[in-house]
>>> print(open('start-v7.cif').read())   # mmCIF, C-alpha atoms
data_start
#
loop_
_atom_site.label_atom_id
_atom_site.label_comp_id
_atom_site.auth_asym_id
_atom_site.auth_seq_id
_atom_site.Cartn_x
_atom_site.Cartn_y
_atom_site.Cartn_z
CA MET A 1 79.00 130.99 139.45
CA VAL A 2 80.83 131.74 136.19
CA ASN A 3 84.62 131.79 136.13
CA THR A 4 86.76 133.20 133.33
CA LEU A 5 89.23 130.99 131.52
CA GLY A 6 92.15 132.51 129.65
CA VAL A 7 92.31 131.05 126.13
CA ALA A 8 94.72 131.43 123.23
CA VAL A 9 94.65 130.57 119.54
CA VAL A 10 97.81 129.36 117.79
CA GLY A 11 97.58 129.67 114.01
CA PHE A 12 95.21 132.31 112.68
CA GLY A 13 94.15 131.14 109.27
CA TRP A 14 90.51 130.40 108.54
CA MET A 15 90.25 127.73 111.24
CA GLY A 16 91.80 130.02 113.84
CA ARG A 17 89.06 132.53 113.08
CA VAL A 18 86.40 129.84 113.41
CA HIS A 19 87.72 128.82 116.85
CA THR A 20 87.89 132.45 117.97
CA GLN A 21 84.33 133.14 116.88
CA ALA A 22 83.17 129.98 118.64
CA TYR A 23 84.73 131.18 121.90
CA ALA A 24 82.95 134.53 121.44
CA ARG A 25 79.57 132.89 120.85
CA VAL A 26 79.61 129.93 123.20
CA HIS A 27 78.11 131.68 126.23
CA HIS A 28 75.27 133.12 124.17
CA HIS A 29 74.15 129.60 123.24
CA PHE A 30 75.15 127.84 126.45
CA PRO A 31 74.60 130.39 129.26
CA GLN A 32 74.65 127.63 131.89
CA LEU A 33 78.33 126.94 131.16
CA SER A 34 80.41 127.59 134.27
CA LEU A 35 83.48 128.80 132.35
CA ARG A 36 83.56 131.95 130.23
CA PRO A 37 86.47 132.06 127.74
CA GLU A 38 88.59 135.22 127.73
CA LEU A 39 90.71 135.87 124.62
CA VAL A 40 94.17 136.32 126.12
CA ALA A 41 96.67 135.63 123.33
CA VAL A 42 96.96 134.86 119.62
CA ALA A 43 100.03 133.58 117.75
CA ASP A 44 100.78 133.32 114.06
CA GLU A 45 104.16 133.35 112.32
CA VAL A 46 102.92 135.39 109.33
CA PRO A 47 103.97 139.02 109.92
CA GLY A 48 101.05 141.17 111.04
CA ARG A 49 98.43 138.42 111.12
CA ALA A 50 98.35 138.00 114.92
CA GLU A 51 98.21 141.77 115.42
CA GLU A 52 95.32 141.98 112.97
CA ALA A 53 93.51 139.23 114.86
CA ALA A 54 94.03 141.02 118.16
CA GLY A 55 92.59 144.21 116.70
CA LEU A 56 89.56 142.49 115.21
CA TYR A 57 88.66 140.12 118.03
CA GLY A 58 90.10 141.71 121.16
CA PHE A 59 92.92 139.36 122.13
CA ALA A 60 94.93 140.97 124.93
CA SER A 61 98.27 140.18 123.26
CA ALA A 62 99.68 139.03 119.93
CA THR A 63 102.91 137.27 119.00
CA ARG A 64 104.62 135.47 116.11
CA ASP A 65 106.07 132.85 118.48
CA TRP A 66 103.71 130.21 119.90
CA ARG A 67 106.27 129.44 122.62
CA GLU A 68 105.34 132.72 124.27
CA VAL A 69 101.79 131.38 124.55
CA ALA A 70 103.06 128.20 126.22
CA ALA A 71 104.95 130.31 128.77
CA ASP A 72 102.05 132.72 129.42
CA PRO A 73 100.53 132.04 132.88
CA ARG A 74 97.32 133.83 131.88
CA VAL A 75 96.59 131.14 129.28
CA ARG A 76 94.89 128.00 130.59
CA ALA A 77 93.52 126.60 127.34
CA VAL A 78 94.81 126.74 123.76
CA SER A 79 93.30 126.16 120.33
CA VAL A 80 95.90 124.59 118.04
CA THR A 81 94.89 125.53 114.49
CA ALA A 82 98.35 125.70 112.92
CA PRO A 83 99.38 123.54 109.90
CA ASN A 84 99.52 119.77 110.39
CA PHE A 85 103.29 119.44 110.69
CA LEU A 86 103.26 121.69 113.77
CA HIS A 87 100.51 119.84 115.64
CA ARG A 88 102.77 117.44 117.49
CA GLU A 89 105.34 119.96 118.67
CA ILE A 90 102.78 122.56 119.72
CA GLY A 91 100.33 120.07 121.23
CA VAL A 92 102.97 118.32 123.34
CA ALA A 93 104.44 121.64 124.48
CA MET A 94 101.08 123.13 125.45
CA ALA A 95 100.04 120.04 127.40
CA GLY A 96 103.45 119.98 129.07
CA ALA A 97 102.90 123.58 130.12
CA GLY A 98 99.63 122.57 131.78
CA LYS A 99 97.31 123.99 129.10
CA HIS A 100 94.13 122.25 128.03
CA ILE A 101 94.12 121.87 124.23
CA TRP A 102 91.49 122.00 121.52
CA ILE A 103 93.41 120.76 118.50
CA GLU A 104 92.39 120.36 114.90
CA LYS A 105 92.52 117.00 113.19
CA PRO A 106 94.48 115.06 112.02
CA VAL A 107 96.71 115.91 115.06
CA GLY A 108 100.02 115.67 113.25
CA LEU A 109 101.20 113.72 110.24
CA THR A 110 101.03 110.15 111.57
CA ALA A 111 99.50 107.95 114.25
CA GLU A 112 102.77 108.31 116.13
CA ASP A 113 102.28 112.10 116.21
CA ALA A 114 98.69 111.77 117.45
CA ARG A 115 99.77 109.29 120.13
CA ALA A 116 102.52 111.64 121.32
CA VAL A 117 99.99 114.43 121.84
CA ALA A 118 97.50 112.07 123.51
CA ASP A 119 100.21 110.80 125.86
CA ALA A 120 101.28 114.35 126.73
CA VAL A 121 97.67 115.28 127.55
CA ALA A 122 97.23 112.19 129.72
CA LYS A 123 100.54 112.74 131.53
CA ALA A 124 99.75 116.39 132.25
CA GLY A 125 96.23 115.62 133.44
CA VAL A 126 94.71 118.24 131.13
CA GLN A 127 91.75 117.94 128.78
CA GLY A 128 92.08 117.50 125.02
CA THR A 129 89.35 117.98 122.41
CA VAL A 130 89.77 117.25 118.68
CA GLY A 131 88.09 119.00 115.75
CA PHE A 132 85.91 116.19 114.43
CA ASN A 133 83.08 118.66 114.01
CA TYR A 134 80.71 116.66 111.77
CA ARG A 135 79.88 114.27 114.60
CA ASN A 136 78.46 117.33 116.42
CA ALA A 137 75.64 117.87 113.90
CA PRO A 138 72.31 117.22 115.67
CA ALA A 139 71.19 115.01 112.77
CA VAL A 140 74.30 112.86 113.15
CA GLU A 141 73.60 112.57 116.88
CA ALA A 142 70.04 111.55 116.03
CA ALA A 143 71.27 108.96 113.51
CA ARG A 144 73.64 107.48 116.08
CA GLU A 145 70.84 107.13 118.63
CA LEU A 146 68.51 105.62 116.04
CA ILE A 147 71.13 103.05 115.00
CA ALA A 148 72.01 102.17 118.60
CA ALA A 149 68.32 101.68 119.43
CA GLY A 150 67.98 99.11 116.65
CA GLU A 151 65.50 101.21 114.68
CA ILE A 152 66.97 100.01 111.37
CA GLY A 153 67.76 96.52 112.62
CA THR A 154 71.30 95.15 112.52
CA VAL A 155 73.56 97.39 110.46
CA THR A 156 74.76 95.62 107.33
CA HIS A 157 76.70 98.27 105.43
CA VAL A 158 77.55 101.96 105.27
CA ARG A 159 78.79 104.32 102.56
CA ILE A 160 80.57 107.50 103.61
CA ARG A 161 81.53 110.17 101.09
CA LEU A 162 83.56 113.38 101.33
CA PHE A 163 83.87 115.10 97.94
CA SER A 164 85.04 118.65 97.40
CA ASP A 165 86.62 120.84 94.70
CA TYR A 166 88.88 123.04 96.84
CA ALA A 167 91.98 121.62 95.11
CA ALA A 168 90.45 121.02 91.67
CA HIS A 169 91.90 124.12 89.99
CA PRO A 170 95.18 123.20 88.24
CA GLN A 171 96.59 126.60 89.24
CA GLY A 172 96.03 125.99 92.94
CA ALA A 173 99.18 126.98 94.81
CA LEU A 174 101.63 124.29 95.93
CA THR A 175 101.27 125.04 99.65
CA TRP A 176 102.26 122.89 102.65
CA ARG A 177 99.04 120.91 102.17
CA TYR A 178 100.54 119.07 99.18
CA GLU A 179 103.87 118.15 100.81
CA ARG A 180 104.47 114.94 102.76
CA ALA A 181 106.84 116.63 105.21
CA ARG A 182 104.41 119.37 106.19
CA GLY A 183 100.93 118.29 105.05
CA GLY A 184 101.20 114.57 105.66
CA SER A 185 98.71 112.37 103.86
CA GLY A 186 96.75 114.76 101.64
CA VAL A 187 93.05 114.08 101.36
CA LEU A 188 93.43 111.29 103.94
CA GLY A 189 94.25 113.65 106.77
CA ASP A 190 92.09 116.48 105.48
CA LEU A 191 88.79 114.75 104.64
CA ALA A 192 89.05 110.99 105.15
CA SER A 193 89.95 111.58 108.80
CA HIS A 194 86.43 112.95 109.26
CA GLY A 195 85.02 109.94 107.41
CA VAL A 196 86.86 107.51 109.67
CA ASP A 197 85.61 109.35 112.75
CA LEU A 198 82.02 109.27 111.49
CA ALA A 199 82.35 105.55 110.72
CA ARG A 200 83.58 104.79 114.24
CA HIS A 201 81.09 107.19 115.86
CA LEU A 202 78.14 105.55 114.12
CA LEU A 203 79.15 101.89 113.78
CA GLY A 204 82.01 101.16 116.18
CA GLU A 205 85.55 99.92 115.60
CA ILE A 206 87.04 99.14 112.20
CA THR A 207 88.94 95.83 112.14
CA SER A 208 90.37 95.66 108.62
CA LEU A 209 90.44 97.53 105.32
CA THR A 210 91.74 97.68 101.78
CA ALA A 211 92.31 100.93 99.92
CA ASP A 212 93.36 102.66 96.72
CA THR A 213 94.69 106.21 96.34
CA ALA A 214 95.57 108.50 93.44
CA VAL A 215 97.04 111.91 92.58
CA PHE A 216 95.11 113.51 89.71
CA VAL A 217 96.85 116.92 89.65
CA PRO A 218 100.53 115.86 89.79
CA GLU A 219 102.13 119.34 89.63
CA ARG A 220 101.29 122.76 91.01
CA ALA A 221 102.93 126.18 90.98
CA ARG A 222 104.91 127.26 94.01
CA PRO A 223 103.54 130.44 95.60
CA THR A 224 105.71 133.54 95.39
CA GLY A 225 104.30 135.13 98.55
CA THR A 226 102.15 134.44 101.61
CA THR A 227 99.10 132.29 100.90
CA ALA A 228 95.86 131.76 102.76
CA GLY A 229 93.27 129.06 102.27
CA HIS A 230 93.38 127.57 98.78
CA SER A 231 94.96 130.41 96.81
CA LEU A 232 95.86 130.27 93.12
CA ALA A 233 99.46 130.69 91.99
CA ASP A 234 99.79 131.47 88.29
CA GLY A 235 103.24 131.41 86.71
CA GLY A 236 105.31 130.13 89.64
CA GLU A 237 107.83 127.31 89.42
CA LEU A 238 106.12 123.93 89.19
CA GLY A 239 106.66 121.34 91.89
CA PRO A 240 105.31 117.83 92.55
CA VAL A 241 102.15 117.07 94.52
CA GLU A 242 103.38 114.51 97.04
CA ASN A 243 100.18 113.32 98.68
CA GLU A 244 96.81 111.94 97.69
CA ASP A 245 94.01 113.75 95.86
CA TYR A 246 91.71 110.74 96.13
CA VAL A 247 91.08 107.67 98.28
CA SER A 248 88.59 104.81 98.16
CA CYS A 249 88.45 102.21 100.89
CA LEU A 250 86.55 99.06 101.83
CA LEU A 251 85.99 98.64 105.57
CA ARG A 252 85.14 95.75 107.86
CA PHE A 253 83.73 96.51 111.32
CA ALA A 254 83.92 94.51 114.54
CA SER A 255 80.12 94.19 114.37
CA GLY A 256 80.35 92.35 111.06
CA ALA A 257 79.11 95.34 109.05
CA ARG A 258 80.84 96.37 105.84
CA GLY A 259 81.62 99.87 104.63
CA VAL A 260 82.82 102.02 101.75
CA LEU A 261 84.70 105.26 102.40
CA GLU A 262 85.52 107.58 99.51
CA ALA A 263 87.09 111.06 99.63
CA CYS A 264 88.40 113.45 96.99
CA ARG A 265 89.68 117.04 97.06
CA VAL A 266 89.64 117.57 93.26
CA SER A 267 86.00 116.67 92.46
CA VAL A 268 84.89 119.28 89.93
CA GLY A 269 81.24 120.18 90.54
CA GLU A 270 81.27 119.06 94.17
CA GLN A 271 81.32 121.52 97.05
CA ASN A 272 81.35 119.97 100.52
CA ASN A 273 79.41 116.92 99.40
CA TYR A 274 79.81 115.08 102.68
CA GLY A 275 77.46 112.49 104.07
CA PHE A 276 76.60 108.87 104.77
CA GLU A 277 74.08 106.12 104.09
CA VAL A 278 73.71 103.43 106.73
CA HIS A 279 71.70 100.33 105.84
CA GLY A 280 70.33 97.75 108.25
CA THR A 281 68.25 94.60 108.14
CA LYS A 282 65.02 96.58 108.70
CA GLY A 283 65.74 100.05 107.36
CA ALA A 284 68.25 102.78 106.57
CA VAL A 285 69.33 106.28 107.55
CA PHE A 286 70.76 108.98 105.26
CA TRP A 287 72.52 112.30 105.95
CA ASP A 288 73.90 115.04 103.69
CA PHE A 289 75.97 117.82 105.28
CA ARG A 290 74.60 120.31 102.74
CA ARG A 291 71.13 119.66 104.20
CA MET A 292 72.48 119.44 107.71
CA GLY A 293 69.17 119.61 109.55
CA GLU A 294 67.53 116.76 107.63
CA LEU A 295 67.74 113.02 108.17
CA GLY A 296 66.36 110.50 105.71
CA VAL A 297 64.93 107.54 107.61
CA SER A 298 63.44 104.28 106.36
CA ARG A 299 62.05 101.90 108.96
CA GLY A 300 59.19 99.47 109.31
CA ALA A 301 58.42 95.92 108.24
CA SER A 302 57.93 96.27 104.50
CA TYR A 303 61.50 95.56 103.44
CA GLN A 304 60.81 95.79 99.71
CA ASP A 305 59.56 99.18 98.42
CA GLN A 306 59.77 100.60 101.94
CA PRO A 307 59.58 104.42 101.78
CA VAL A 308 62.06 106.96 103.11
CA SER A 309 60.78 109.80 105.30
CA THR A 310 62.49 113.13 105.93
CA VAL A 311 62.97 113.95 109.60
CA TYR A 312 63.75 117.57 110.44
CA VAL A 313 65.90 117.79 113.54
CA GLY A 314 64.67 119.87 116.43
CA PRO A 315 65.33 120.72 120.09
CA GLY A 316 65.27 117.06 121.12
CA HIS A 317 68.23 116.18 118.90
CA GLY A 318 71.81 116.75 120.09
CA GLU A 319 72.54 120.39 120.92
CA TYR A 320 69.99 121.82 118.48
CA GLY A 321 67.96 123.42 121.25
CA ALA A 322 70.85 125.73 122.12
CA PHE A 323 70.42 127.42 118.74
CA GLN A 324 66.77 127.23 117.66
CA PRO A 325 63.45 126.76 119.51
CA GLY A 326 61.70 124.73 116.82
CA ALA A 327 62.49 122.08 114.24
CA ALA A 328 63.67 122.71 110.66
CA SER A 329 65.49 126.01 111.21
CA SER A 330 68.91 125.89 109.55
CA MET A 331 72.21 125.55 111.36
CA GLY A 332 75.65 126.08 109.80
CA TYR A 333 79.23 124.84 109.93
CA ASP A 334 80.31 127.45 112.49
CA ASP A 335 77.51 126.31 114.82
CA LEU A 336 79.15 122.87 114.94
CA LYS A 337 82.32 124.57 116.19
CA VAL A 338 80.34 126.40 118.89
CA ILE A 339 79.10 122.99 120.04
CA GLU A 340 82.70 121.77 119.99
CA ALA A 341 83.84 124.77 122.06
CA HIS A 342 81.07 124.05 124.55
CA ARG A 343 82.16 120.43 124.91
CA PHE A 344 85.80 121.47 125.29
CA LEU A 345 84.94 123.93 128.06
CA ARG A 346 82.63 121.41 129.74
CA SER A 347 85.51 118.92 129.73
CA ILE A 348 87.65 121.43 131.58
CA ALA A 349 84.91 122.41 134.03
CA GLU A 350 83.91 118.82 134.82
CA GLY A 351 87.36 117.26 134.62
CA THR A 352 86.25 114.50 132.26
CA PRO A 353 86.18 114.30 128.45
CA VAL A 354 83.07 115.43 126.59
CA GLY A 355 82.98 114.91 122.83
CA ALA A 356 85.81 113.84 120.51
CA THR A 357 89.05 113.08 122.38
CA LEU A 358 92.72 112.57 121.59
CA GLU A 359 92.05 108.83 121.71
CA ASP A 360 89.57 109.32 118.86
CA ALA A 361 92.31 111.17 116.98
CA VAL A 362 94.72 108.29 117.56
CA ALA A 363 92.16 105.75 116.33
CA SER A 364 91.52 107.82 113.21
CA ALA A 365 95.26 108.25 112.57
CA VAL A 366 95.92 104.52 112.99
CA THR A 367 93.24 103.86 110.38
CA LEU A 368 94.69 106.47 108.01
CA ASP A 369 98.15 104.93 108.33
CA ALA A 370 96.61 101.52 107.54
CA ILE A 371 94.91 103.00 104.46
CA GLY A 372 98.28 104.26 103.26
CA ARG A 373 99.89 100.86 103.79
CA SER A 374 97.05 99.07 102.04
CA ALA A 375 97.21 101.36 99.00
CA GLU A 376 100.96 100.84 98.78
CA ARG A 377 100.78 97.05 99.10
CA GLY A 378 97.52 96.47 97.25
CA ALA A 379 96.28 94.24 100.06
CA TRP A 380 93.97 94.05 103.06
CA VAL A 381 95.38 95.40 106.33
CA ASP A 382 94.23 94.34 109.81
CA LEU A 383 93.83 97.00 112.50
CA VAL A 384 93.42 94.59 115.42
#
>>> encode(input="start-v7.cif", output="structure tokens")
Amino acid sequence: MVNTLGVAVVGFGWMGRVHTQAYARVHHHFPQLSLRPELVAVADEVPGRAEEAAGLYGFASATRDWREVAADPRVRAVSVTAPNFLHREIGVAMAGAGKHIWIEKPVGLTAEDARAVADAVAKAGVQGTVGFNYRNAPAVEAARELIAAGEIGTVTHVRIRLFSDYAAHPQGALTWRYERARGGSGVLGDLASHGVDLARHLLGEITSLTADTAVFVPERARPTGTTAGHSLADGGELGPVENEDYVSCLLRFASGARGVLEACRVSVGEQNNYGFEVHGTKGAVFWDFRRMGELGVSRGASYQDQPVSTVYVGPGHGEYGAFQPGAASSMGYDDLKVIEAHRFLRSIAEGTPVGATLEDAVASAVTLDAIGRSAERGAWVDLV
């Protein structure tokens, strides 16, 4: 038996659209799911944006005030895709109103914000899913299983990279993303949060770290009107960029493994160059988001000059089988969000977390705060 579940989306920028489209697609890929999402309400403070979303996607109602969503008895689950500085207030309010929440990372500006939302979810007895979508890639799931099974021996070290050029243009508008009060920690919260989650997902807990950060584009023009995404703003008044463009970090894991995490939002020539290389005593595994369905694997007993094979993921890896019947057919970013929607709805149906949780968000945020402290002090910081 399939039951409908009233859902809402708060914040209808690009990510709000991605969540909405995931809700629309999830039953096509996962027909066995016992809950079918119904688009009940959409909220966005930009004039006309919520109404446009309702017209395009069929939401039953639209509003500029997210508090109306919290008070709406038709809504049982909410996607929180608003800017970072609103995550805590909206997340706590929605959980307090008895709504399950699917919230984008980094879940606020600090670890304290993430903990407040996690505590509200736990107190209300609702489910909470977090947008760490890269862990949902079938190749990443396959890598995790391979590592856990000891196929590459004992993990010795990992390198995780997240390079992009979305903020590389010097005329990029000085939006909330570049302000401490509204955007938080810059590339840390935007990209490095994913890197921390991948590190923990693949290798376990991080115990200590040392980091360096930098701002390479120190001033940007203030926008004169409404912006969306990473708009340019030519000729506006210049203001300071308050948070990091770049971070590099050395990691130590509870297992004894070592790691390097590097992220940058102003890398000219790089578009979504995200991935990892995990090395062990008997082999290695490699993944590049831009070739999402491929996994480089080296294993055997040669050690020196040991070759690397390309494994194409297929129906036996993660949730791949919900999208394609045979190996090596491409999947995309939005498919990862469909998987995330499925896990969120399963959590609600089964009453137990499936996928990335608010506790994962707290762990990531604690690590990001430690990175900030380490960069400021120029010293190692212990997490445990």
>>> axis_aligned_box(input="start-v7.cif", around="stretch 197-208 of chain A", padding_each_side="6 Å", output="AutoDock Vina command-line options")
--center_x 84.3 --center_y 102.5 --center_z 112.4 --size_x 24.2 --size_y 25.7 --size_z 19.6
>>> resolve_selection(input="start-v7.cif", expression="the PyMOL selection byres ((chain A and resi 238) around 10)", output="list of chain:residue names")
A:Gln171, A:Ala173, A:Leu174, A:Pro218, A:Glu219, A:Arg220, A:Ala221, A:Arg222, A:Pro223, A:Ala233, A:Asp234, A:Gly235, A:Gly236, A:Glu237, A:Gly239, A:Pro240, A:Val241
>>> residues_around(input="start-v7.cif", residues="stretch 266-280 of chain A", least_positions_apart="5", cutoff="10 Å", atoms="all atoms listed in the file", output="mmCIF file with C-alpha atoms, keeping the file's coordinate frame")
data_model
loop_
_atom_site.group_PDB
_atom_site.id
_atom_site.type_symbol
_atom_site.label_atom_id
_atom_site.label_comp_id
_atom_site.auth_asym_id
_atom_site.auth_seq_id
_atom_site.Cartn_x
_atom_site.Cartn_y
_atom_site.Cartn_z
ATOM 1 C CA TYR A 134 80.710 116.660 111.770
ATOM 2 C CA VAL A 140 74.300 112.860 113.150
ATOM 3 C CA ALA A 143 71.270 108.960 113.510
ATOM 4 C CA ILE A 147 71.130 103.050 115.000
ATOM 5 C CA GLY A 150 67.980 99.110 116.650
ATOM 6 C CA GLU A 151 65.500 101.210 114.680
ATOM 7 C CA ILE A 152 66.970 100.010 111.370
ATOM 8 C CA GLY A 153 67.760 96.520 112.620
ATOM 9 C CA THR A 154 71.300 95.150 112.520
ATOM 10 C CA VAL A 155 73.560 97.390 110.460
ATOM 11 C CA THR A 156 74.760 95.620 107.330
ATOM 12 C CA HIS A 157 76.700 98.270 105.430
ATOM 13 C CA VAL A 158 77.550 101.960 105.270
ATOM 14 C CA ARG A 159 78.790 104.320 102.560
ATOM 15 C CA ILE A 160 80.570 107.500 103.610
ATOM 16 C CA ARG A 161 81.530 110.170 101.090
ATOM 17 C CA LEU A 162 83.560 113.380 101.330
ATOM 18 C CA PHE A 163 83.870 115.100 97.940
ATOM 19 C CA SER A 164 85.040 118.650 97.400
ATOM 20 C CA ASP A 165 86.620 120.840 94.700
ATOM 21 C CA TYR A 166 88.880 123.040 96.840
ATOM 22 C CA ALA A 167 91.980 121.620 95.110
ATOM 23 C CA ALA A 168 90.450 121.020 91.670
ATOM 24 C CA HIS A 169 91.900 124.120 89.990
ATOM 25 C CA PRO A 170 95.180 123.200 88.240
ATOM 26 C CA VAL A 187 93.050 114.080 101.360
ATOM 27 C CA LEU A 191 88.790 114.750 104.640
ATOM 28 C CA HIS A 194 86.430 112.950 109.260
ATOM 29 C CA GLY A 195 85.020 109.940 107.410
ATOM 30 C CA LEU A 198 82.020 109.270 111.490
ATOM 31 C CA ALA A 199 82.350 105.550 110.720
ATOM 32 C CA LEU A 202 78.140 105.550 114.120
ATOM 33 C CA LEU A 203 79.150 101.890 113.780
ATOM 34 C CA VAL A 215 97.040 111.910 92.580
ATOM 35 C CA PHE A 216 95.110 113.510 89.710
ATOM 36 C CA VAL A 217 96.850 116.920 89.650
ATOM 37 C CA ASP A 245 94.010 113.750 95.860
ATOM 38 C CA TYR A 246 91.710 110.740 96.130
ATOM 39 C CA ALA A 257 79.110 95.340 109.050
ATOM 40 C CA ARG A 258 80.840 96.370 105.840
ATOM 41 C CA GLY A 259 81.620 99.870 104.630
ATOM 42 C CA VAL A 260 82.820 102.020 101.750
ATOM 43 C CA LEU A 261 84.700 105.260 102.400
ATOM 44 C CA VAL A 285 69.330 106.280 107.550
ATOM 45 C CA PHE A 286 70.760 108.980 105.260
ATOM 46 C CA TRP A 287 72.520 112.300 105.950
ATOM 47 C CA ASP A 288 73.900 115.040 103.690
ATOM 48 C CA PHE A 289 75.970 117.820 105.280
ATOM 49 C CA ARG A 290 74.600 120.310 102.740
ATOM 50 C CA ARG A 291 71.130 119.660 104.200
ATOM 51 C CA MET A 292 72.480 119.440 107.710
ATOM 52 C CA GLY A 296 66.360 110.500 105.710
ATOM 53 C CA VAL A 297 64.930 107.540 107.610
ATOM 54 C CA SER A 298 63.440 104.280 106.360
ATOM 55 C CA ARG A 299 62.050 101.900 108.960
#
>>> closest_residue(input="start-v7.cif", among="A:Thr224, A:Leu295, A:Gly316, A:Glu179", to="A:Glu242", atoms="only C-alpha atoms")
A:Glu179
>>> closest_residue(input="start-v7.cif", among="A:Leu86, A:Leu188, A:Leu336, A:Val366", to="A:Trp176", atoms="all atoms listed in the file")
A:Leu86
>>> closest_residue(input="start-v7.cif", among="A:Leu358, A:Val9, A:Val117, A:Ala24", to="A:Glu68", atoms="all atoms listed in the file")
A:Val9
>>> resolve_selection(input="start-v7.cif", expression="the PyMOL selection byres ((chain A and resi 207) around 8)", output="PyMOL selection string")
chain A and resi 205-206+208-209+251-254+382-384
>>> resolve_selection(input="start-v7.cif", expression="the PyMOL selection byres ((chain A and resi 352) around 12)", output="list in words")
His100, Ala122, Gly125, Val126, Gln127, Gly128, Thr129, Arg343, Phe344, Leu345, Arg346, Ser347, Ile348, Ala349, Glu350, Gly351, Pro353, Val354, Gly355, Ala356 and Thr357 of chain A
>>> write_last_selection(input="start-v7.cif", atoms="C-alpha atoms", output="PDB file, in the coordinates of the input")
ATOM      1  CA  HIS A 100      94.130 122.250 128.030  1.00  0.00           C
ATOM      2  CA  ALA A 122      97.230 112.190 129.720  1.00  0.00           C
ATOM      3  CA  GLY A 125      96.230 115.620 133.440  1.00  0.00           C
ATOM      4  CA  VAL A 126      94.710 118.240 131.130  1.00  0.00           C
ATOM      5  CA  GLN A 127      91.750 117.940 128.780  1.00  0.00           C
ATOM      6  CA  GLY A 128      92.080 117.500 125.020  1.00  0.00           C
ATOM      7  CA  THR A 129      89.350 117.980 122.410  1.00  0.00           C
ATOM      8  CA  ARG A 343      82.160 120.430 124.910  1.00  0.00           C
ATOM      9  CA  PHE A 344      85.800 121.470 125.290  1.00  0.00           C
ATOM     10  CA  LEU A 345      84.940 123.930 128.060  1.00  0.00           C
ATOM     11  CA  ARG A 346      82.630 121.410 129.740  1.00  0.00           C
ATOM     12  CA  SER A 347      85.510 118.920 129.730  1.00  0.00           C
ATOM     13  CA  ILE A 348      87.650 121.430 131.580  1.00  0.00           C
ATOM     14  CA  ALA A 349      84.910 122.410 134.030  1.00  0.00           C
ATOM     15  CA  GLU A 350      83.910 118.820 134.820  1.00  0.00           C
ATOM     16  CA  GLY A 351      87.360 117.260 134.620  1.00  0.00           C
ATOM     17  CA  PRO A 353      86.180 114.300 128.450  1.00  0.00           C
ATOM     18  CA  VAL A 354      83.070 115.430 126.590  1.00  0.00           C
ATOM     19  CA  GLY A 355      82.980 114.910 122.830  1.00  0.00           C
ATOM     20  CA  ALA A 356      85.810 113.840 120.510  1.00  0.00           C
ATOM     21  CA  THR A 357      89.050 113.080 122.380  1.00  0.00           C
TER      22      THR A 357
END
>>> atom_distance(input="start-v7.cif", atom1="atom CA of A:Ile339", atom2="atom CA of A:His28")
11.6 Å
>>> atom_distance(input="start-v7.cif", atom1="atom CA of A:His29", atom2="atom CA of A:Glu104")
22.1 Å
>>> closest_residue(input="start-v7.cif", among="A:Glu38, A:Asp113, A:Glu45, A:Glu359", to="A:Gly13", atoms="only C-alpha atoms")
A:Glu45
>>> decode(input="start-v7.cif", residues="stretch 298-319 of chain A", atoms="C-alpha atoms", output="PDB file, in the first residue's frame")
ATOM      1  CA  SER A 298      44.579  -1.729  -7.798  1.00  0.00           C
ATOM      2  CA  ARG A 299      44.775  -4.952  -5.821  1.00  0.00           C
ATOM      3  CA  GLY A 300      46.857  -8.098  -5.769  1.00  0.00           C
ATOM      4  CA  ALA A 301      50.238  -9.157  -4.435  1.00  0.00           C
ATOM      5  CA  SER A 302      52.644  -7.363  -6.752  1.00  0.00           C
ATOM      6  CA  TYR A 303      53.093  -4.210  -4.692  1.00  0.00           C
ATOM      7  CA  GLN A 304      55.616  -2.616  -7.054  1.00  0.00           C
ATOM      8  CA  ASP A 305      54.385  -1.873 -10.603  1.00  0.00           C
ATOM      9  CA  GLN A 306      50.948  -3.231  -9.699  1.00  0.00           C
ATOM     10  CA  PRO A 307      48.418  -2.159 -12.373  1.00  0.00           C
ATOM     11  CA  VAL A 308      45.199  -0.211 -11.914  1.00  0.00           C
ATOM     12  CA  SER A 309      41.994  -1.574 -13.454  1.00  0.00           C
ATOM     13  CA  THR A 310      38.866   0.402 -14.301  1.00  0.00           C
ATOM     14  CA  VAL A 311      35.693  -1.016 -12.777  1.00  0.00           C
ATOM     15  CA  TYR A 312      32.418   0.204 -14.266  1.00  0.00           C
ATOM     16  CA  VAL A 313      29.690   0.233 -11.647  1.00  0.00           C
ATOM     17  CA  GLY A 314      26.536  -1.710 -12.324  1.00  0.00           C
ATOM     18  CA  PRO A 315      23.309  -2.980 -10.726  1.00  0.00           C
ATOM     19  CA  GLY A 316      25.189  -4.677  -7.898  1.00  0.00           C
ATOM     20  CA  HIS A 317      26.670  -1.407  -6.645  1.00  0.00           C
ATOM     21  CA  GLY A 318      24.696   0.886  -4.334  1.00  0.00           C
ATOM     22  CA  GLU A 319      21.417   2.082  -5.860  1.00  0.00           C
TER      23      GLU A 319
END
